[in-house]
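Q: Encoded as structure tokens, here's the structure I'll be asking about.
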Amino acid sequence: SLLLAIINRYFGAIWGVLSMLLLIGAYTFIVIQAFLVANLLLNLTAIFLSLIVSQIGTIGYQYFIEQKEKRRIKGMFSSYVSPALVEQMVESGTEPQLGGEEVHITAFFGDIESFSTFSEQMEAKELVTLINEYLSSMTDILTENGGTLDKYIGDAIVAFFGAPLPFNDHALKACISSQLMQKELIRLREKWRKDGKPDIVASMKNRMGMNTGTMITGNMGSTNRFNYTMMGDNVNIAARCESGAKAYGVYTMVTEATKTEAEQFGNDCVFRFLDKIVVKGRTQPIKVYEIADLRTDACQQLYDCIGLYEQGMKCYAQQDWEKAIHYFEQSLALEFHSKNPSLILLERSRLLQVTPPKPDWNGVYVMQSK
């Protein structure tokens with residue numbers, strides 16, 4: 001029985017069952033030969049029961065340990081990852097590879113616009129209730145689309161798509177999630193308005209930024225306190241996209257890398273080229289885009305506005321200020337917000353028309369703030 005338990009422990013249940021049958025057969029042969037040769041009567045039933053109980057007990061113990069490990073992994077990640085991903089992680093039968101591995105993922109940053117004003121105008125208890133409702137709704141959308149919550153920083157959400165379990169369309173899932181969050185915020189604003197919340201609450205807006213590339217994910221911190229998080233230059237770019245969206249009057253800004261990879265897996269989102277910029281703290285320019293809407297919800301006015309705006313951007317890059325101003329004035333009439341990319345580029349084009357740039361100007365705009 002001890003030998004059988006050892007075989008089950010180190011070689012698995014299949015080898016355990018085969019070994020049990022082999023031991024039962026061998027012992028039966030010994031009992032028959034002992035009776036025929038030496039008229040010796042040995043106990044047969046007790047040995048059989050001992051082997052069977054040992055086999056069942058060992059399998060039962062291993063099942064208990066396996067279920068305990070599944071519960072441990074589920075408990076560890078259920079607060080951060082969607083239930084479907086947790087289930088996939090558990091069923092894979094392997095421990096997640098944590099502790100600083102390079103992965104290709106999409107980083108996500110989201111933040112409430114002018115949150116300090118909320119703090120000034122609302123009582124602490126009311127503010128906490130509001131933020132919890134907002135974060136719960138946003139996080140549900142995040143995890144339902146395969147995102148992993150990194151952390152909350154006050155009202156801000158930091159997350160990523162594509163880890164700890166990889167999936168190919170993480171950029172597309174991140175882009176779709178951002179638009180679903182914007183639509184959920186519209187629903188929440190309507191609810192808060194009906195509940196008699198202050199005007200500032202009923203007009204809440206949030207901004208999101210994303211970037212796709214190689215980053216480091218893993219448990220980071222001290223030996224006693226750590227967080228499953230992400231690090232790297234591409235993470236910083238995603239954060240700059242979130243804050244930089246304000247400069248263009250948009251609410252979702254992504255890098256060219258995110259747009260390109262998202263479009264490889266689907267045509268769900270409507271993108272608008274915004275500008276070629278150098279973000280604060282970097283020297284290399286990147287192209288940035290707005291996610292204007294989901295294609296299923298986009299109206300013709302939006303497509304017309306984007307078409308005129310991008311025509312203006314082509315003339316802007318060629319330093320044809322007069323044509324650029326013409327197109328931006330037309331797209332401005334179709335914009336949905338008072339502060340918008342058409343207005344920003346129209347003002348910039350007029351300024352450059354009066355004060356032309358240097359001969360080596362390459363159309364890159366250097367962001368002056370984070």
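Residue numbers start at 1 in each chain; chains themselves are named A, B, ... in the order of the structure tokens; ligands are numbered from 1 in the order shown.
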Using only C-alpha atoms, determine which residues lie at most 8 Å from Ser178 of chain A, disregarding the query and same-chain residues fewer than 4 positions distant; provide the list as a list in words.
A: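 Within the cut-off, the hits are Ala174, Gln182, Met208 and Thr252 of chain A.
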Q: Go ahead and save the residues from that selection, with N, CA, C and O atoms, as a short mmCIF file (atom, residue, chain, number, x, y, z; two decimals), in the first residue's frame.
A:
```
data_model
loop_
_atom_site.label_atom_id
_atom_site.label_comp_id
_atom_site.auth_asym_id
_atom_site.auth_seq_id
_atom_site.Cartn_x
_atom_site.Cartn_y
_atom_site.Cartn_z
N ALA A 174 -8.73 46.25 -26.20
CA ALA A 174 -8.53 47.47 -25.42
C ALA A 174 -9.28 48.64 -26.04
O ALA A 174 -9.92 49.44 -25.34
N GLN A 182 -16.95 54.60 -22.50
CA GLN A 182 -17.52 55.93 -22.78
C GLN A 182 -19.05 55.85 -22.83
O GLN A 182 -19.75 56.74 -22.33
N MET A 208 -8.92 58.48 -21.81
CA MET A 208 -8.20 57.22 -21.83
C MET A 208 -7.07 57.27 -22.86
O MET A 208 -7.19 57.93 -23.88
N THR A 252 -10.24 59.76 -26.07
CA THR A 252 -9.50 58.50 -26.19
C THR A 252 -8.39 58.69 -27.21
O THR A 252 -8.67 58.99 -28.37
#
```
Q: Find the spatial neighbours of Asp320 of chain A, counting only C-alpha atoms, within a cut-off of 10 Å - ignore same-chain residues fewer than 6 positions away - and output them as a count of residues only.
A: 5
Q: Which residue out of A:Tyr303, A:Phe271, A:Phe336, A:Tyr316 has the minimum interatomic distance to Ile291 of chain A when only C-alpha atoms are used?
A: A:Phe271
Q: Give me the residues near His170 of chain A as a list in words, where near means some atom within 8 Å (using only C-alpha atoms) and where sequence neighbours in that chain fewer than 4 positions away do not count.
A: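 Final neighbour list, sorted by chain and number: Ile105, Thr106, Gly146, Phe161, Gly162, Ala174 and Ala262 of chain A.
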Q: Atoms to include: N, CA and C atoms. Write the selected residues as a PDB file, in the first residue's frame.
A:
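Writing the result to out.pdb gives the following:
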```
ATOM      1  N   ILE A 105       2.009  43.508 -25.081  1.00  0.00           N
ATOM      2  CA  ILE A 105       0.665  43.758 -24.573  1.00  0.00           C
ATOM      3  C   ILE A 105       0.234  45.186 -24.908  1.00  0.00           C
ATOM      4  N   THR A 106      -0.976  45.526 -24.496  1.00  0.00           N
ATOM      5  CA  THR A 106      -1.505  46.878 -24.659  1.00  0.00           C
ATOM      6  C   THR A 106      -1.755  47.479 -23.283  1.00  0.00           C
ATOM      7  N   GLY A 146     -11.343  40.899 -21.240  1.00  0.00           N
ATOM      8  CA  GLY A 146     -10.037  40.259 -21.111  1.00  0.00           C
ATOM      9  C   GLY A 146      -8.946  41.119 -20.519  1.00  0.00           C
ATOM     10  N   PHE A 161      -3.920  44.693 -21.370  1.00  0.00           N
ATOM     11  CA  PHE A 161      -4.565  43.609 -22.101  1.00  0.00           C
ATOM     12  C   PHE A 161      -3.482  42.720 -22.707  1.00  0.00           C
ATOM     13  N   GLY A 162      -3.602  41.396 -22.494  1.00  0.00           N
ATOM     14  CA  GLY A 162      -2.644  40.462 -23.068  1.00  0.00           C
ATOM     15  C   GLY A 162      -1.777  39.756 -22.073  1.00  0.00           C
ATOM     16  N   ALA A 174      -8.734  46.246 -26.195  1.00  0.00           N
ATOM     17  CA  ALA A 174      -8.529  47.472 -25.422  1.00  0.00           C
ATOM     18  C   ALA A 174      -9.275  48.643 -26.044  1.00  0.00           C
ATOM     19  N   ALA A 262      -4.704  46.763 -33.766  1.00  0.00           N
ATOM     20  CA  ALA A 262      -6.146  46.552 -33.597  1.00  0.00           C
ATOM     21  C   ALA A 262      -6.805  46.265 -34.934  1.00  0.00           C
TER      22      ALA A 262
END
```
Q: Contacts between segment 229-234 of chain A and segment 158-177 of chain A, please, where a residue of segment 158-177 of chain A counts if it comes within 12 Å (with only C-alpha atoms); show its shortest atom pair and distance in Å to one decimal, rows by chain and ascending number, as a Markdown table.
A:
```
| residue | atom | partner | partner_atom | distance |
| --- | --- | --- | --- | --- |
| A:Val158 | CA | A:Thr229 | CA | 9.2 |
| A:Ala159 | CA | A:Thr229 | CA | 8.4 |
| A:Phe160 | CA | A:Met230 | CA | 8.0 |
| A:Phe161 | CA | A:Met230 | CA | 10.8 |
| A:Gly162 | CA | A:Met230 | CA | 11.4 |
| A:Ala163 | CA | A:Met230 | CA | 9.6 |
| A:Pro164 | CA | A:Thr229 | CA | 10.0 |
```
Q: Between A:Leu352, A:Leu172, A:Leu165, A:Cys241, which has the minimum distance to Gln319 of chain A (counting only C-alpha atoms)?
A: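 Nearest candidate to Gln319 of chain A out of A:Leu352, A:Leu172, A:Leu165, A:Cys241: A:Leu352.
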Q: If you run DSSP over the backbone, which residues in segment 113-295 of chain A end up strand (DSSP E)? Put them as a ChimeraX atom specification.
A: /A:147-153,156-161,206-221,226-231,252-255,269-278,286-294
Q: Write out as JSON, numbers by chain which residues come within 7 Å of segment 187-194 of chain A when counting only C-alpha atoms, dropping same-chain ones fewer than 5 positions away.
A: {"A": [201, 202, 203, 204]}
Q: Which parts of segment 211-347 of chain A does DSSP call helix (DSSP H, G or I) when run on the backbone here, written out as a PyMOL selection string?
A: chain A and resi 233-248+256-265+300-317+321-332+341-347
Q: Could those selected residues go to a file with C-alpha atoms, as an mmCIF file, in the first residue's frame?
A:
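The file below, result-v8.cif, is the result:
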```
data_model
loop_
_atom_site.group_PDB
_atom_site.id
_atom_site.type_symbol
_atom_site.label_atom_id
_atom_site.label_comp_id
_atom_site.auth_asym_id
_atom_site.auth_seq_id
_atom_site.Cartn_x
_atom_site.Cartn_y
_atom_site.Cartn_z
ATOM 1 C CA ASP A 233 8.923 52.883 -21.839
ATOM 2 C CA ASN A 234 5.795 51.766 -23.677
ATOM 3 C CA VAL A 235 3.832 52.026 -20.430
ATOM 4 C CA ASN A 236 4.942 55.650 -20.074
ATOM 5 C CA ILE A 237 3.801 56.396 -23.639
ATOM 6 C CA ALA A 238 0.332 55.042 -22.832
ATOM 7 C CA ALA A 239 0.166 57.320 -19.797
ATOM 8 C CA ARG A 240 1.203 60.311 -21.932
ATOM 9 C CA CYS A 241 -1.546 59.462 -24.421
ATOM 10 C CA GLU A 242 -4.131 59.684 -21.649
ATOM 11 C CA SER A 243 -2.908 63.067 -20.423
ATOM 12 C CA GLY A 244 -2.095 64.308 -23.948
ATOM 13 C CA ALA A 245 -5.649 63.718 -25.148
ATOM 14 C CA LYS A 246 -6.638 66.886 -23.307
ATOM 15 C CA ALA A 247 -4.460 68.999 -25.619
ATOM 16 C CA TYR A 248 -6.574 67.896 -28.612
ATOM 17 C CA GLU A 256 -0.110 54.190 -34.197
ATOM 18 C CA ALA A 257 1.119 50.848 -32.844
ATOM 19 C CA THR A 258 -2.204 50.239 -31.089
ATOM 20 C CA LYS A 259 -4.266 51.345 -34.098
ATOM 21 C CA THR A 260 -2.289 49.205 -36.545
ATOM 22 C CA GLU A 261 -2.459 46.082 -34.402
ATOM 23 C CA ALA A 262 -6.146 46.552 -33.597
ATOM 24 C CA GLU A 263 -7.016 46.819 -37.294
ATOM 25 C CA GLN A 264 -5.228 43.522 -37.969
ATOM 26 C CA PHE A 265 -7.934 41.741 -35.962
ATOM 27 C CA GLN A 300 -22.282 60.056 -41.233
ATOM 28 C CA GLN A 301 -21.488 63.439 -39.674
ATOM 29 C CA LEU A 302 -18.569 61.848 -37.836
ATOM 30 C CA TYR A 303 -17.172 60.305 -41.027
ATOM 31 C CA ASP A 304 -17.519 63.618 -42.884
ATOM 32 C CA CYS A 305 -15.784 65.483 -40.069
ATOM 33 C CA ILE A 306 -12.884 63.020 -39.952
ATOM 34 C CA GLY A 307 -12.490 63.108 -43.749
ATOM 35 C CA LEU A 308 -12.227 66.912 -43.824
ATOM 36 C CA TYR A 309 -9.930 66.978 -40.810
ATOM 37 C CA GLU A 310 -7.498 64.468 -42.308
ATOM 38 C CA GLN A 311 -7.467 66.437 -45.580
ATOM 39 C CA GLY A 312 -6.505 69.448 -43.499
ATOM 40 C CA MET A 313 -3.743 67.439 -41.820
ATOM 41 C CA LYS A 314 -2.263 66.527 -45.228
ATOM 42 C CA CYS A 315 -2.148 70.203 -46.222
ATOM 43 C CA TYR A 316 -0.782 71.050 -42.758
ATOM 44 C CA ALA A 317 2.100 68.597 -43.218
ATOM 45 C CA TRP A 321 -1.600 76.795 -44.493
ATOM 46 C CA GLU A 322 -4.365 78.342 -46.571
ATOM 47 C CA LYS A 323 -5.829 74.994 -47.657
ATOM 48 C CA ALA A 324 -5.293 73.527 -44.197
ATOM 49 C CA ILE A 325 -7.266 76.393 -42.649
ATOM 50 C CA HIS A 326 -9.997 75.871 -45.234
ATOM 51 C CA TYR A 327 -10.419 72.193 -44.394
ATOM 52 C CA PHE A 328 -10.171 72.719 -40.622
ATOM 53 C CA GLU A 329 -12.868 75.390 -40.775
ATOM 54 C CA GLN A 330 -15.148 72.936 -42.570
ATOM 55 C CA SER A 331 -14.447 70.066 -40.157
ATOM 56 C CA LEU A 332 -14.888 72.410 -37.194
ATOM 57 C CA PRO A 341 -8.953 68.648 -32.837
ATOM 58 C CA SER A 342 -10.255 70.834 -35.682
ATOM 59 C CA LEU A 343 -10.216 73.919 -33.456
ATOM 60 C CA ILE A 344 -6.743 73.134 -32.100
ATOM 61 C CA LEU A 345 -5.213 72.590 -35.559
ATOM 62 C CA LEU A 346 -7.070 75.564 -37.037
ATOM 63 C CA GLU A 347 -5.560 77.885 -34.430
#
```
Q: Identify, on the basis of only C-alpha atoms, every residue whose closest approach to segment 125-131 of chain A does not exceed 10 Å; exclude the query and any residue fewer than 5 positions from it along the same chain; express the result as a PDB file with N, CA and C atoms, in the first residue's frame.
A:
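Written file, selection05.pdb:
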```
ATOM      1  N   ILE A 112     -10.576  60.507 -14.719  1.00  0.00           N
ATOM      2  CA  ILE A 112     -11.712  61.427 -14.770  1.00  0.00           C
ATOM      3  C   ILE A 112     -11.207  62.843 -14.993  1.00  0.00           C
ATOM      4  N   PHE A 118     -14.451  67.778  -8.318  1.00  0.00           N
ATOM      5  CA  PHE A 118     -15.406  66.917  -7.624  1.00  0.00           C
ATOM      6  C   PHE A 118     -15.114  66.910  -6.122  1.00  0.00           C
ATOM      7  N   SER A 119     -13.841  66.810  -5.786  1.00  0.00           N
ATOM      8  CA  SER A 119     -13.439  66.765  -4.377  1.00  0.00           C
ATOM      9  C   SER A 119     -13.820  68.030  -3.646  1.00  0.00           C
ATOM     10  N   GLU A 120     -13.774  69.158  -4.349  1.00  0.00           N
ATOM     11  CA  GLU A 120     -14.091  70.433  -3.716  1.00  0.00           C
ATOM     12  C   GLU A 120     -15.592  70.611  -3.486  1.00  0.00           C
ATOM     13  N   SER A 136     -16.548  50.570 -10.451  1.00  0.00           N
ATOM     14  CA  SER A 136     -17.142  49.241 -10.607  1.00  0.00           C
ATOM     15  C   SER A 136     -17.623  49.019 -12.036  1.00  0.00           C
ATOM     16  N   SER A 137     -18.321  49.995 -12.589  1.00  0.00           N
ATOM     17  CA  SER A 137     -18.839  49.871 -13.949  1.00  0.00           C
ATOM     18  C   SER A 137     -17.703  49.775 -14.967  1.00  0.00           C
ATOM     19  N   GLY A 154      -6.503  56.667  -7.006  1.00  0.00           N
ATOM     20  CA  GLY A 154      -7.611  57.588  -6.804  1.00  0.00           C
ATOM     21  C   GLY A 154      -8.735  57.237  -7.754  1.00  0.00           C
ATOM     22  N   ASP A 155      -9.067  58.156  -8.651  1.00  0.00           N
ATOM     23  CA  ASP A 155     -10.110  57.916  -9.647  1.00  0.00           C
ATOM     24  C   ASP A 155      -9.564  57.279 -10.924  1.00  0.00           C
ATOM     25  N   ALA A 156      -8.250  57.136 -11.021  1.00  0.00           N
ATOM     26  CA  ALA A 156      -7.623  56.640 -12.255  1.00  0.00           C
ATOM     27  C   ALA A 156      -7.578  55.114 -12.282  1.00  0.00           C
ATOM     28  N   TRP A 192     -27.318  59.525 -12.847  1.00  0.00           N
ATOM     29  CA  TRP A 192     -26.993  60.509 -11.803  1.00  0.00           C
ATOM     30  C   TRP A 192     -27.867  61.755 -11.944  1.00  0.00           C
ATOM     31  N   LYS A 197     -28.161  64.346  -8.749  1.00  0.00           N
ATOM     32  CA  LYS A 197     -26.769  64.661  -8.440  1.00  0.00           C
ATOM     33  C   LYS A 197     -26.414  66.044  -8.967  1.00  0.00           C
ATOM     34  N   VAL A 201     -21.463  66.285 -11.554  1.00  0.00           N
ATOM     35  CA  VAL A 201     -21.520  64.829 -11.617  1.00  0.00           C
ATOM     36  C   VAL A 201     -22.234  64.376 -12.888  1.00  0.00           C
TER      37      VAL A 201
END
```
Q: For Thr255 of chain A, which residue out of A:Leu3, A:Cys175, A:Met122, A:Met138 is the nearest one, using only C-alpha atoms?
A: A:Cys175
Q: Between A:Arg350, A:Tyr10, A:Leu51, A:Tyr289, which has the minimum distance to Gly25 of chain A (counting only C-alpha atoms)?
A: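 Answer, going by the shortest atom-to-atom distance: A:Leu51.
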Q: Considering only C-alpha atoms, return as a PyMOL selection string whatever protein or nucleic-acid residues lie within 12 Å of Arg9 of chain A, sequence-local ones (same chain, fewer than 4 positions apart) excluded.
A: chain A and resi 2-5+13-16+54-55+57-63+65
Q: Write the residues you've just listed into a file as a JSON list (two decimals), in the first residue's frame, and include N, CA, C and O atoms for each of them.
A:
```json
[["chain", "number", "residue", "atom", "x", "y", "z"],
["A", 2, "LEU", "N", 1.96, 1.24, 0.75],
["A", 2, "LEU", "CA", 2.88, 2.37, 0.76],
["A", 2, "LEU", "C", 3.53, 2.54, -0.60],
["A", 2, "LEU", "O", 3.64, 3.67, -1.11],
["A", 3, "LEU", "N", 3.92, 1.46, -1.22],
["A", 3, "LEU", "CA", 4.51, 1.52, -2.56],
["A", 3, "LEU", "C", 3.51, 2.09, -3.55],
["A", 3, "LEU", "O", 3.85, 2.91, -4.41],
["A", 4, "LEU", "N", 2.24, 1.69, -3.43],
["A", 4, "LEU", "CA", 1.20, 2.17, -4.32],
["A", 4, "LEU", "C", 0.99, 3.68, -4.15],
["A", 4, "LEU", "O", 0.81, 4.41, -5.14],
["A", 5, "ALA", "N", 1.02, 4.15, -2.91],
["A", 5, "ALA", "CA", 0.87, 5.59, -2.65],
["A", 5, "ALA", "C", 2.01, 6.39, -3.26],
["A", 5, "ALA", "O", 1.79, 7.46, -3.84],
["A", 13, "ALA", "N", -2.19, 9.01, -11.44],
["A", 13, "ALA", "CA", -3.25, 8.05, -11.11],
["A", 13, "ALA", "C", -3.30, 6.88, -12.09],
["A", 13, "ALA", "O", -3.63, 5.75, -11.69],
["A", 14, "ILE", "N", -2.99, 7.11, -13.37],
["A", 14, "ILE", "CA", -3.06, 6.02, -14.35],
["A", 14, "ILE", "C", -2.05, 4.93, -14.01],
["A", 14, "ILE", "O", -2.38, 3.72, -13.98],
["A", 15, "TRP", "N", -0.81, 5.34, -13.73],
["A", 15, "TRP", "CA", 0.20, 4.36, -13.33],
["A", 15, "TRP", "C", -0.16, 3.73, -11.98],
["A", 15, "TRP", "O", 0.15, 2.56, -11.73],
["A", 16, "GLY", "N", -0.85, 4.50, -11.13],
["A", 16, "GLY", "CA", -1.28, 3.94, -9.85],
["A", 16, "GLY", "C", -2.28, 2.82, -10.02],
["A", 16, "GLY", "O", -2.18, 1.77, -9.37],
["A", 54, "SER", "N", -5.99, 2.27, -0.44],
["A", 54, "SER", "CA", -4.80, 3.10, -0.65],
["A", 54, "SER", "C", -4.89, 3.87, -1.97],
["A", 54, "SER", "O", -4.59, 5.06, -2.03],
["A", 55, "GLN", "N", -5.38, 3.18, -3.02],
["A", 55, "GLN", "CA", -5.51, 3.83, -4.32],
["A", 55, "GLN", "C", -6.57, 4.94, -4.28],
["A", 55, "GLN", "O", -6.32, 6.07, -4.73],
["A", 57, "GLY", "N", -7.78, 6.47, -1.65],
["A", 57, "GLY", "CA", -7.36, 7.53, -0.72],
["A", 57, "GLY", "C", -6.33, 8.46, -1.34],
["A", 57, "GLY", "O", -6.40, 9.69, -1.17],
["A", 58, "THR", "N", -5.37, 7.88, -2.08],
["A", 58, "THR", "CA", -4.34, 8.71, -2.71],
["A", 58, "THR", "C", -4.93, 9.61, -3.78],
["A", 58, "THR", "O", -4.61, 10.79, -3.87],
["A", 59, "ILE", "N", -5.82, 9.05, -4.61],
["A", 59, "ILE", "CA", -6.46, 9.86, -5.65],
["A", 59, "ILE", "C", -7.33, 10.96, -5.03],
["A", 59, "ILE", "O", -7.33, 12.11, -5.47],
["A", 60, "GLY", "N", -8.05, 10.60, -3.97],
["A", 60, "GLY", "CA", -8.88, 11.60, -3.29],
["A", 60, "GLY", "C", -8.05, 12.73, -2.70],
["A", 60, "GLY", "O", -8.44, 13.91, -2.79],
["A", 61, "TYR", "N", -6.91, 12.38, -2.13],
["A", 61, "TYR", "CA", -6.03, 13.41, -1.54],
["A", 61, "TYR", "C", -5.48, 14.33, -2.63],
["A", 61, "TYR", "O", -5.45, 15.55, -2.48],
["A", 62, "GLN", "N", -5.06, 13.71, -3.76],
["A", 62, "GLN", "CA", -4.54, 14.52, -4.85],
["A", 62, "GLN", "C", -5.62, 15.43, -5.43],
["A", 62, "GLN", "O", -5.35, 16.58, -5.79],
["A", 63, "TYR", "N", -6.84, 14.95, -5.50],
["A", 63, "TYR", "CA", -7.95, 15.78, -5.99],
["A", 63, "TYR", "C", -8.20, 16.95, -5.05],
["A", 63, "TYR", "O", -8.42, 18.09, -5.50],
["A", 65, "ILE", "N", -5.98, 18.38, -3.05],
["A", 65, "ILE", "CA", -4.87, 19.33, -3.21],
["A", 65, "ILE", "C", -5.04, 20.13, -4.49],
["A", 65, "ILE", "O", -4.80, 21.34, -4.53]]
```
Q: Any idea what the distance is between atom CA of Glu184 of chain A and atom CA of Gly110 of chain A?
A: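 Atom CA of Glu184 of chain A sits 13.8 Å away from atom CA of Gly110 of chain A.
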Q: Could you work out how far atom CA of Val254 of chain A lies from atom CA of Thr212 of chain A, giving the answer in Å with one decimal?
A: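 Here the two named atoms are 8.7 Å from each other.
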Q: Just the residues within 9 Å of His337 of chain A, please, counting only C-alpha atoms, with nothing from its chain fewer than 3 positions along; format it as a ChimeraX atom specification.
A: /A:249-250,340
